[in-house]
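Shown next: my_file_23.txt, given as compact mmCIF, N, CA and C atoms.
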```txt
# COMPACT_ATOMS: atom_id res chain seq x y z
N MET A 1 0.84 -1.19 0.00
CA MET A 1 0.00 0.00 0.00
C MET A 1 0.88 1.25 0.00
N GLU A 2 0.57 2.21 -0.89
CA GLU A 2 1.35 3.43 -1.03
C GLU A 2 0.99 4.42 0.06
N GLU A 3 2.03 5.03 0.65
CA GLU A 3 1.80 6.05 1.66
C GLU A 3 1.57 7.39 0.99
N LYS A 4 0.57 8.12 1.45
CA LYS A 4 0.33 9.47 0.94
C LYS A 4 1.23 10.44 1.68
N GLN A 5 1.87 11.32 0.91
CA GLN A 5 2.66 12.36 1.55
C GLN A 5 1.74 13.47 1.99
N LYS A 6 1.90 13.90 3.23
CA LYS A 6 1.08 14.97 3.76
C LYS A 6 1.65 16.31 3.29
N VAL A 7 0.80 17.14 2.75
CA VAL A 7 1.21 18.46 2.28
C VAL A 7 1.18 19.42 3.46
N ASP A 8 2.29 20.13 3.65
CA ASP A 8 2.41 21.12 4.72
C ASP A 8 2.02 22.49 4.17
N LEU A 9 0.75 22.83 4.31
CA LEU A 9 0.25 24.08 3.76
C LEU A 9 0.71 25.32 4.53
N VAL A 10 1.24 25.12 5.72
CA VAL A 10 1.73 26.25 6.51
C VAL A 10 3.18 26.58 6.17
N ASN A 11 4.04 25.58 6.20
CA ASN A 11 5.47 25.82 6.02
C ASN A 11 5.96 25.64 4.58
N GLU A 12 5.27 24.87 3.79
CA GLU A 12 5.68 24.62 2.41
C GLU A 12 4.47 24.50 1.48
N PRO A 13 3.70 25.59 1.35
CA PRO A 13 2.53 25.50 0.49
C PRO A 13 2.96 25.32 -0.97
N PRO A 14 2.44 24.32 -1.64
CA PRO A 14 2.87 24.03 -3.00
C PRO A 14 2.53 25.12 -4.01
N HIS A 15 1.52 25.94 -3.71
CA HIS A 15 1.14 27.00 -4.64
C HIS A 15 2.07 28.20 -4.58
N TYR A 16 3.09 28.16 -3.71
CA TYR A 16 4.10 29.22 -3.64
C TYR A 16 5.48 28.69 -4.01
N LYS A 17 5.54 27.55 -4.68
CA LYS A 17 6.83 26.99 -5.09
C LYS A 17 6.69 26.39 -6.48
N PHE A 18 7.56 26.81 -7.40
CA PHE A 18 7.55 26.30 -8.76
C PHE A 18 8.98 26.02 -9.20
N ASP A 19 9.19 24.84 -9.76
CA ASP A 19 10.52 24.42 -10.22
C ASP A 19 11.60 24.65 -9.17
N GLY A 20 11.26 24.39 -7.92
CA GLY A 20 12.22 24.52 -6.84
C GLY A 20 12.45 25.94 -6.36
N ILE A 21 11.73 26.90 -6.93
CA ILE A 21 11.88 28.31 -6.53
C ILE A 21 10.70 28.68 -5.65
N GLU A 22 11.01 29.16 -4.45
CA GLU A 22 9.95 29.57 -3.54
C GLU A 22 9.71 31.06 -3.67
N LEU A 23 8.46 31.44 -3.66
CA LEU A 23 8.11 32.84 -3.79
C LEU A 23 8.76 33.70 -2.72
N ILE A 24 8.86 33.19 -1.52
CA ILE A 24 9.45 33.98 -0.44
C ILE A 24 10.90 34.36 -0.76
N ASP A 25 11.61 33.50 -1.48
CA ASP A 25 12.99 33.81 -1.87
C ASP A 25 13.02 34.91 -2.93
N VAL A 26 12.07 34.88 -3.84
CA VAL A 26 11.96 35.93 -4.86
C VAL A 26 11.66 37.27 -4.18
N ILE A 27 10.73 37.25 -3.25
CA ILE A 27 10.35 38.47 -2.53
C ILE A 27 11.55 39.02 -1.76
N LYS A 28 12.26 38.18 -1.04
CA LYS A 28 13.45 38.62 -0.29
C LYS A 28 14.48 39.26 -1.21
N ALA A 29 14.76 38.61 -2.33
CA ALA A 29 15.77 39.12 -3.26
C ALA A 29 15.35 40.48 -3.81
N LYS A 30 14.10 40.62 -4.18
CA LYS A 30 13.61 41.89 -4.71
C LYS A 30 13.67 42.99 -3.67
N LEU A 31 13.18 42.71 -2.47
CA LEU A 31 13.08 43.75 -1.46
C LEU A 31 14.43 44.12 -0.85
N ASN A 32 15.41 43.25 -0.94
CA ASN A 32 16.75 43.58 -0.44
C ASN A 32 17.38 44.73 -1.22
N ASN A 33 16.97 44.91 -2.47
CA ASN A 33 17.55 45.95 -3.31
C ASN A 33 16.48 46.88 -3.88
N SER A 34 15.38 47.01 -3.19
CA SER A 34 14.26 47.78 -3.70
C SER A 34 14.31 49.24 -3.26
N LYS A 35 13.78 50.08 -4.11
CA LYS A 35 13.64 51.50 -3.78
C LYS A 35 12.20 51.82 -3.38
N MET A 36 11.38 50.78 -3.23
CA MET A 36 9.98 50.99 -2.86
C MET A 36 9.86 51.43 -1.41
N SER A 37 8.83 52.23 -1.15
CA SER A 37 8.52 52.57 0.24
C SER A 37 8.04 51.30 0.94
N PRO A 38 8.08 51.27 2.26
CA PRO A 38 7.56 50.08 2.96
C PRO A 38 6.11 49.77 2.60
N TYR A 39 5.28 50.80 2.45
CA TYR A 39 3.87 50.57 2.09
C TYR A 39 3.76 49.97 0.70
N THR A 40 4.47 50.54 -0.26
CA THR A 40 4.42 50.01 -1.62
C THR A 40 4.98 48.59 -1.67
N ALA A 41 6.03 48.33 -0.92
CA ALA A 41 6.62 46.99 -0.87
C ALA A 41 5.60 45.97 -0.34
N ALA A 42 4.84 46.37 0.66
CA ALA A 42 3.82 45.47 1.22
C ALA A 42 2.74 45.18 0.18
N ILE A 43 2.30 46.21 -0.52
CA ILE A 43 1.27 46.03 -1.54
C ILE A 43 1.82 45.19 -2.69
N TRP A 44 3.06 45.46 -3.11
CA TRP A 44 3.69 44.70 -4.18
C TRP A 44 3.76 43.22 -3.80
N THR A 45 4.09 42.95 -2.54
CA THR A 45 4.17 41.56 -2.06
C THR A 45 2.83 40.87 -2.21
N GLN A 46 1.75 41.55 -1.84
CA GLN A 46 0.42 40.96 -1.99
C GLN A 46 0.12 40.69 -3.46
N CYS A 47 0.40 41.66 -4.30
CA CYS A 47 0.13 41.53 -5.74
C CYS A 47 0.88 40.34 -6.32
N ILE A 48 2.14 40.24 -6.03
CA ILE A 48 2.98 39.18 -6.61
C ILE A 48 2.54 37.80 -6.11
N GLN A 49 2.07 37.73 -4.86
CA GLN A 49 1.59 36.45 -4.34
C GLN A 49 0.38 35.96 -5.13
N TYR A 50 -0.56 36.86 -5.41
CA TYR A 50 -1.74 36.45 -6.16
C TYR A 50 -1.38 36.08 -7.60
N LEU A 51 -0.45 36.80 -8.21
CA LEU A 51 -0.03 36.46 -9.57
C LEU A 51 0.71 35.13 -9.62
N PHE A 52 1.52 34.87 -8.62
CA PHE A 52 2.34 33.66 -8.57
C PHE A 52 1.48 32.40 -8.47
N ARG A 53 0.37 32.51 -7.76
CA ARG A 53 -0.42 31.30 -7.47
C ARG A 53 -1.72 31.17 -8.24
N PHE A 54 -2.09 32.20 -9.01
CA PHE A 54 -3.45 32.25 -9.54
C PHE A 54 -3.88 31.01 -10.31
N ASP A 55 -2.97 30.37 -11.01
CA ASP A 55 -3.36 29.24 -11.85
C ASP A 55 -3.33 27.89 -11.14
N VAL A 56 -2.97 27.88 -9.86
CA VAL A 56 -2.90 26.60 -9.15
C VAL A 56 -3.72 26.55 -7.86
N LYS A 57 -4.20 27.66 -7.39
CA LYS A 57 -4.88 27.70 -6.09
C LYS A 57 -6.35 27.31 -6.19
N GLY A 58 -6.98 27.54 -7.36
CA GLY A 58 -8.35 27.09 -7.49
C GLY A 58 -9.36 28.13 -7.93
N ASN A 59 -9.03 29.41 -7.79
CA ASN A 59 -9.97 30.44 -8.21
C ASN A 59 -9.20 31.50 -9.00
N ASP A 60 -8.92 31.16 -10.27
CA ASP A 60 -8.08 32.00 -11.13
C ASP A 60 -8.54 33.46 -11.18
N ILE A 61 -9.79 33.65 -11.52
CA ILE A 61 -10.30 35.00 -11.72
C ILE A 61 -10.22 35.82 -10.43
N GLN A 62 -10.61 35.22 -9.32
CA GLN A 62 -10.57 35.94 -8.05
C GLN A 62 -9.14 36.35 -7.71
N ASP A 63 -8.19 35.45 -7.88
CA ASP A 63 -6.80 35.79 -7.58
C ASP A 63 -6.29 36.88 -8.52
N LEU A 64 -6.66 36.83 -9.79
CA LEU A 64 -6.24 37.87 -10.73
C LEU A 64 -6.89 39.22 -10.40
N GLU A 65 -8.13 39.19 -9.97
CA GLU A 65 -8.78 40.43 -9.56
C GLU A 65 -8.14 41.02 -8.31
N LYS A 66 -7.74 40.16 -7.39
CA LYS A 66 -7.04 40.64 -6.20
C LYS A 66 -5.69 41.23 -6.57
N ALA A 67 -4.98 40.57 -7.48
CA ALA A 67 -3.70 41.09 -7.94
C ALA A 67 -3.90 42.46 -8.59
N ARG A 68 -4.95 42.59 -9.40
CA ARG A 68 -5.24 43.87 -10.04
C ARG A 68 -5.54 44.94 -9.01
N PHE A 69 -6.28 44.60 -7.97
CA PHE A 69 -6.58 45.55 -6.89
C PHE A 69 -5.27 46.10 -6.31
N TYR A 70 -4.36 45.20 -5.97
CA TYR A 70 -3.09 45.64 -5.38
C TYR A 70 -2.22 46.39 -6.39
N LEU A 71 -2.24 45.98 -7.64
CA LEU A 71 -1.49 46.69 -8.67
C LEU A 71 -2.04 48.11 -8.82
N ASN A 72 -3.35 48.25 -8.80
CA ASN A 72 -3.96 49.59 -8.87
C ASN A 72 -3.54 50.45 -7.68
N GLU A 73 -3.40 49.84 -6.52
CA GLU A 73 -2.94 50.58 -5.35
C GLU A 73 -1.49 51.06 -5.54
N ILE A 74 -0.67 50.23 -6.11
CA ILE A 74 0.72 50.62 -6.39
C ILE A 74 0.73 51.79 -7.38
N ILE A 75 -0.09 51.71 -8.41
CA ILE A 75 -0.16 52.78 -9.40
C ILE A 75 -0.61 54.08 -8.74
N LYS A 76 -1.59 54.02 -7.86
CA LYS A 76 -2.04 55.23 -7.14
C LYS A 76 -0.88 55.83 -6.35
N GLU A 77 -0.12 54.99 -5.69
CA GLU A 77 1.03 55.47 -4.92
C GLU A 77 2.07 56.13 -5.82
N LYS A 78 2.30 55.54 -6.99
CA LYS A 78 3.28 56.11 -7.92
C LYS A 78 2.79 57.47 -8.44
N TYR A 79 1.49 57.60 -8.69
CA TYR A 79 0.95 58.90 -9.11
C TYR A 79 1.16 59.94 -8.01
N LYS A 80 0.97 59.54 -6.77
CA LYS A 80 1.21 60.48 -5.65
C LYS A 80 2.67 60.91 -5.64
N ASP A 81 3.58 59.96 -5.85
CA ASP A 81 5.01 60.27 -5.87
C ASP A 81 5.37 61.25 -6.98
N THR A 82 4.76 61.08 -8.15
CA THR A 82 5.12 61.94 -9.28
C THR A 82 4.44 63.31 -9.18
N SER A 83 3.35 63.41 -8.43
CA SER A 83 2.68 64.71 -8.30
C SER A 83 3.45 65.64 -7.38
N VAL A 84 4.37 65.09 -6.59
CA VAL A 84 5.17 65.89 -5.68
C VAL A 84 6.29 66.60 -6.43
N LEU A 85 6.74 66.04 -7.55
CA LEU A 85 7.86 66.59 -8.30
C LEU A 85 7.60 67.95 -8.83
```
Written form, structure tokens:
Amino acid sequence: MEEKQKVDLVNEPPHYKFDGIELIDVIKAKLNNSKMSPYTAAIWTQCIQYLFRFDVKGNDIQDLEKARFYLNEIIKEKYKDTSVL
């Protein structure tokens, strides 16, 4: 009888890892050299998470709409930044 491997959704969620690359590592690498404000970095992190997992989590459209929401927030922040110039 074959043993089922238990998926650890807390420490190693499969929807945040592709081809051995974990999203958290991508986020760390980006934010270590980012010029984003802390607020924009937080929003960017949310956006990228939804984009990274949208096709494997189960609700493609909802995840893409959430990513768009956060992307729109980033755009609003960038407009605020450029209006100060």
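We find CA of Gln46 in chain A and atom C of Lys30 in chain A to be spaced 13.5 Å apart.
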Please list as a list in words every residue within 8 Å of range 13-29 of chain A, counting only C-alpha atoms and excluding residues in the same chain fewer than 3 positions away. Val7, Asp8, Leu9, Val10, Asn32, Asn33, Thr45, Gln49, Phe52, Arg53, Val56 and Lys57 of chain A
#### Entry: Selection: 7 Å around range 73-83 of chain A, all atoms listed in the file, excl. self and same-chain fewer than 3 positions, as an MDAnalysis selection string
chainID A and resid 40 43:44 68:70
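CA of Glu12 in chain A is found 28.2 Å from CA of Ser37 in chain A.
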Quick one: pick out all helix (DSSP H, G or I) residues within chain A from a backbone DSSP run and write them as an mmCIF file with N, CA and C atoms, in the frame of the given file.
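To be explicit, this is the file written out as out_29.cif:
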```
data_model
loop_
_atom_site.group_PDB
_atom_site.id
_atom_site.type_symbol
_atom_site.label_atom_id
_atom_site.label_comp_id
_atom_site.auth_asym_id
_atom_site.auth_seq_id
_atom_site.Cartn_x
_atom_site.Cartn_y
_atom_site.Cartn_z
ATOM 1 N N PRO A 14 2.440 24.320 -1.640
ATOM 2 C CA PRO A 14 2.870 24.030 -3.000
ATOM 3 C C PRO A 14 2.530 25.120 -4.010
ATOM 4 N N HIS A 15 1.520 25.940 -3.710
ATOM 5 C CA HIS A 15 1.140 27.000 -4.640
ATOM 6 C C HIS A 15 2.070 28.200 -4.580
ATOM 7 N N TYR A 16 3.090 28.160 -3.710
ATOM 8 C CA TYR A 16 4.100 29.220 -3.640
ATOM 9 C C TYR A 16 5.480 28.690 -4.010
ATOM 10 N N LEU A 23 8.460 31.440 -3.660
ATOM 11 C CA LEU A 23 8.110 32.840 -3.790
ATOM 12 C C LEU A 23 8.760 33.700 -2.720
ATOM 13 N N ILE A 24 8.860 33.190 -1.520
ATOM 14 C CA ILE A 24 9.450 33.980 -0.440
ATOM 15 C C ILE A 24 10.900 34.360 -0.760
ATOM 16 N N ASP A 25 11.610 33.500 -1.480
ATOM 17 C CA ASP A 25 12.990 33.810 -1.870
ATOM 18 C C ASP A 25 13.020 34.910 -2.930
ATOM 19 N N VAL A 26 12.070 34.880 -3.840
ATOM 20 C CA VAL A 26 11.960 35.930 -4.860
ATOM 21 C C VAL A 26 11.660 37.270 -4.180
ATOM 22 N N ILE A 27 10.730 37.250 -3.250
ATOM 23 C CA ILE A 27 10.350 38.470 -2.530
ATOM 24 C C ILE A 27 11.550 39.020 -1.760
ATOM 25 N N LYS A 28 12.260 38.180 -1.040
ATOM 26 C CA LYS A 28 13.450 38.620 -0.290
ATOM 27 C C LYS A 28 14.480 39.260 -1.210
ATOM 28 N N ALA A 29 14.760 38.610 -2.330
ATOM 29 C CA ALA A 29 15.770 39.120 -3.260
ATOM 30 C C ALA A 29 15.350 40.480 -3.810
ATOM 31 N N LYS A 30 14.100 40.620 -4.180
ATOM 32 C CA LYS A 30 13.610 41.890 -4.710
ATOM 33 C C LYS A 30 13.670 42.990 -3.670
ATOM 34 N N LEU A 31 13.180 42.710 -2.470
ATOM 35 C CA LEU A 31 13.080 43.750 -1.460
ATOM 36 C C LEU A 31 14.430 44.120 -0.850
ATOM 37 N N ASN A 32 15.410 43.250 -0.940
ATOM 38 C CA ASN A 32 16.750 43.580 -0.440
ATOM 39 C C ASN A 32 17.380 44.730 -1.220
ATOM 40 N N PRO A 38 8.080 51.270 2.260
ATOM 41 C CA PRO A 38 7.560 50.080 2.960
ATOM 42 C C PRO A 38 6.110 49.770 2.600
ATOM 43 N N TYR A 39 5.280 50.800 2.450
ATOM 44 C CA TYR A 39 3.870 50.570 2.090
ATOM 45 C C TYR A 39 3.760 49.970 0.700
ATOM 46 N N THR A 40 4.470 50.540 -0.260
ATOM 47 C CA THR A 40 4.420 50.010 -1.620
ATOM 48 C C THR A 40 4.980 48.590 -1.670
ATOM 49 N N ALA A 41 6.030 48.330 -0.920
ATOM 50 C CA ALA A 41 6.620 46.990 -0.870
ATOM 51 C C ALA A 41 5.600 45.970 -0.340
ATOM 52 N N ALA A 42 4.840 46.370 0.660
ATOM 53 C CA ALA A 42 3.820 45.470 1.220
ATOM 54 C C ALA A 42 2.740 45.180 0.180
ATOM 55 N N ILE A 43 2.300 46.210 -0.520
ATOM 56 C CA ILE A 43 1.270 46.030 -1.540
ATOM 57 C C ILE A 43 1.820 45.190 -2.690
ATOM 58 N N TRP A 44 3.060 45.460 -3.110
ATOM 59 C CA TRP A 44 3.690 44.700 -4.180
ATOM 60 C C TRP A 44 3.760 43.220 -3.800
ATOM 61 N N THR A 45 4.090 42.950 -2.540
ATOM 62 C CA THR A 45 4.170 41.560 -2.060
ATOM 63 C C THR A 45 2.830 40.870 -2.210
ATOM 64 N N GLN A 46 1.750 41.550 -1.840
ATOM 65 C CA GLN A 46 0.420 40.960 -1.990
ATOM 66 C C GLN A 46 0.120 40.690 -3.460
ATOM 67 N N CYS A 47 0.400 41.660 -4.300
ATOM 68 C CA CYS A 47 0.130 41.530 -5.740
ATOM 69 C C CYS A 47 0.880 40.340 -6.320
ATOM 70 N N ILE A 48 2.140 40.240 -6.030
ATOM 71 C CA ILE A 48 2.980 39.180 -6.610
ATOM 72 C C ILE A 48 2.540 37.800 -6.110
ATOM 73 N N GLN A 49 2.070 37.730 -4.860
ATOM 74 C CA GLN A 49 1.590 36.450 -4.340
ATOM 75 C C GLN A 49 0.380 35.960 -5.130
ATOM 76 N N TYR A 50 -0.560 36.860 -5.410
ATOM 77 C CA TYR A 50 -1.740 36.450 -6.160
ATOM 78 C C TYR A 50 -1.380 36.080 -7.600
ATOM 79 N N LEU A 51 -0.450 36.800 -8.210
ATOM 80 C CA LEU A 51 -0.030 36.460 -9.570
ATOM 81 C C LEU A 51 0.710 35.130 -9.620
ATOM 82 N N PHE A 52 1.520 34.870 -8.620
ATOM 83 C CA PHE A 52 2.340 33.660 -8.570
ATOM 84 C C PHE A 52 1.480 32.400 -8.470
ATOM 85 N N ARG A 53 0.370 32.510 -7.760
ATOM 86 C CA ARG A 53 -0.420 31.300 -7.470
ATOM 87 C C ARG A 53 -1.720 31.170 -8.240
ATOM 88 N N ASP A 60 -8.920 31.160 -10.270
ATOM 89 C CA ASP A 60 -8.080 32.000 -11.130
ATOM 90 C C ASP A 60 -8.540 33.460 -11.180
ATOM 91 N N ILE A 61 -9.790 33.650 -11.520
ATOM 92 C CA ILE A 61 -10.300 35.000 -11.720
ATOM 93 C C ILE A 61 -10.220 35.820 -10.430
ATOM 94 N N GLN A 62 -10.610 35.220 -9.320
ATOM 95 C CA GLN A 62 -10.570 35.940 -8.050
ATOM 96 C C GLN A 62 -9.140 36.350 -7.710
ATOM 97 N N ASP A 63 -8.190 35.450 -7.880
ATOM 98 C CA ASP A 63 -6.800 35.790 -7.580
ATOM 99 C C ASP A 63 -6.290 36.880 -8.520
ATOM 100 N N LEU A 64 -6.660 36.830 -9.790
ATOM 101 C CA LEU A 64 -6.240 37.870 -10.730
ATOM 102 C C LEU A 64 -6.890 39.220 -10.400
ATOM 103 N N GLU A 65 -8.130 39.190 -9.970
ATOM 104 C CA GLU A 65 -8.780 40.430 -9.560
ATOM 105 C C GLU A 65 -8.140 41.020 -8.310
ATOM 106 N N LYS A 66 -7.740 40.160 -7.390
ATOM 107 C CA LYS A 66 -7.040 40.640 -6.200
ATOM 108 C C LYS A 66 -5.690 41.230 -6.570
ATOM 109 N N ALA A 67 -4.980 40.570 -7.480
ATOM 110 C CA ALA A 67 -3.700 41.090 -7.940
ATOM 111 C C ALA A 67 -3.900 42.460 -8.590
ATOM 112 N N ARG A 68 -4.950 42.590 -9.400
ATOM 113 C CA ARG A 68 -5.240 43.870 -10.040
ATOM 114 C C ARG A 68 -5.540 44.940 -9.010
ATOM 115 N N PHE A 69 -6.280 44.600 -7.970
ATOM 116 C CA PHE A 69 -6.580 45.550 -6.890
ATOM 117 C C PHE A 69 -5.270 46.100 -6.310
ATOM 118 N N TYR A 70 -4.360 45.200 -5.970
ATOM 119 C CA TYR A 70 -3.090 45.640 -5.380
ATOM 120 C C TYR A 70 -2.220 46.390 -6.390
ATOM 121 N N LEU A 71 -2.240 45.980 -7.640
ATOM 122 C CA LEU A 71 -1.490 46.690 -8.670
ATOM 123 C C LEU A 71 -2.040 48.110 -8.820
ATOM 124 N N ASN A 72 -3.350 48.250 -8.800
ATOM 125 C CA ASN A 72 -3.960 49.590 -8.870
ATOM 126 C C ASN A 72 -3.540 50.450 -7.680
ATOM 127 N N GLU A 73 -3.400 49.840 -6.520
ATOM 128 C CA GLU A 73 -2.940 50.580 -5.350
ATOM 129 C C GLU A 73 -1.490 51.060 -5.540
ATOM 130 N N ILE A 74 -0.670 50.230 -6.110
ATOM 131 C CA ILE A 74 0.720 50.620 -6.390
ATOM 132 C C ILE A 74 0.730 51.790 -7.380
ATOM 133 N N ILE A 75 -0.090 51.710 -8.410
ATOM 134 C CA ILE A 75 -0.160 52.780 -9.400
ATOM 135 C C ILE A 75 -0.610 54.080 -8.740
ATOM 136 N N LYS A 76 -1.590 54.020 -7.860
ATOM 137 C CA LYS A 76 -2.040 55.230 -7.140
ATOM 138 C C LYS A 76 -0.880 55.830 -6.350
ATOM 139 N N GLU A 77 -0.120 54.990 -5.690
ATOM 140 C CA GLU A 77 1.030 55.470 -4.920
ATOM 141 C C GLU A 77 2.070 56.130 -5.820
ATOM 142 N N LYS A 78 2.300 55.540 -6.990
ATOM 143 C CA LYS A 78 3.280 56.110 -7.920
ATOM 144 C C LYS A 78 2.790 57.470 -8.440
ATOM 145 N N TYR A 79 1.490 57.600 -8.690
ATOM 146 C CA TYR A 79 0.950 58.900 -9.110
ATOM 147 C C TYR A 79 1.160 59.940 -8.010
ATOM 148 N N LYS A 80 0.970 59.540 -6.770
ATOM 149 C CA LYS A 80 1.210 60.480 -5.650
ATOM 150 C C LYS A 80 2.670 60.910 -5.640
ATOM 151 N N ASP A 81 3.580 59.960 -5.850
ATOM 152 C CA ASP A 81 5.010 60.270 -5.870
ATOM 153 C C ASP A 81 5.370 61.250 -6.980
ATOM 154 N N THR A 82 4.760 61.080 -8.150
ATOM 155 C CA THR A 82 5.120 61.940 -9.280
ATOM 156 C C THR A 82 4.440 63.310 -9.180
ATOM 157 N N SER A 83 3.350 63.410 -8.430
ATOM 158 C CA SER A 83 2.680 64.710 -8.300
ATOM 159 C C SER A 83 3.450 65.640 -7.380
#
```
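CA of Ala42 in chain A sits 15.9 Å away from atom C of Glu65 in chain A.
Of the residues under consideration (A:Asn59, A:Ala67, A:Lys6, A:Asn72), A:Ala67 shows the shortest atom-to-atom contact distance to Cys47 in chain A when counting all atoms listed in the file.
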Next item on the list: Identify all residues of chain A in strand (DSSP E or B) (DSSP on the backbone) and supply them as a ChimeraX atom specification.
Entry: /A:17-18,21-22
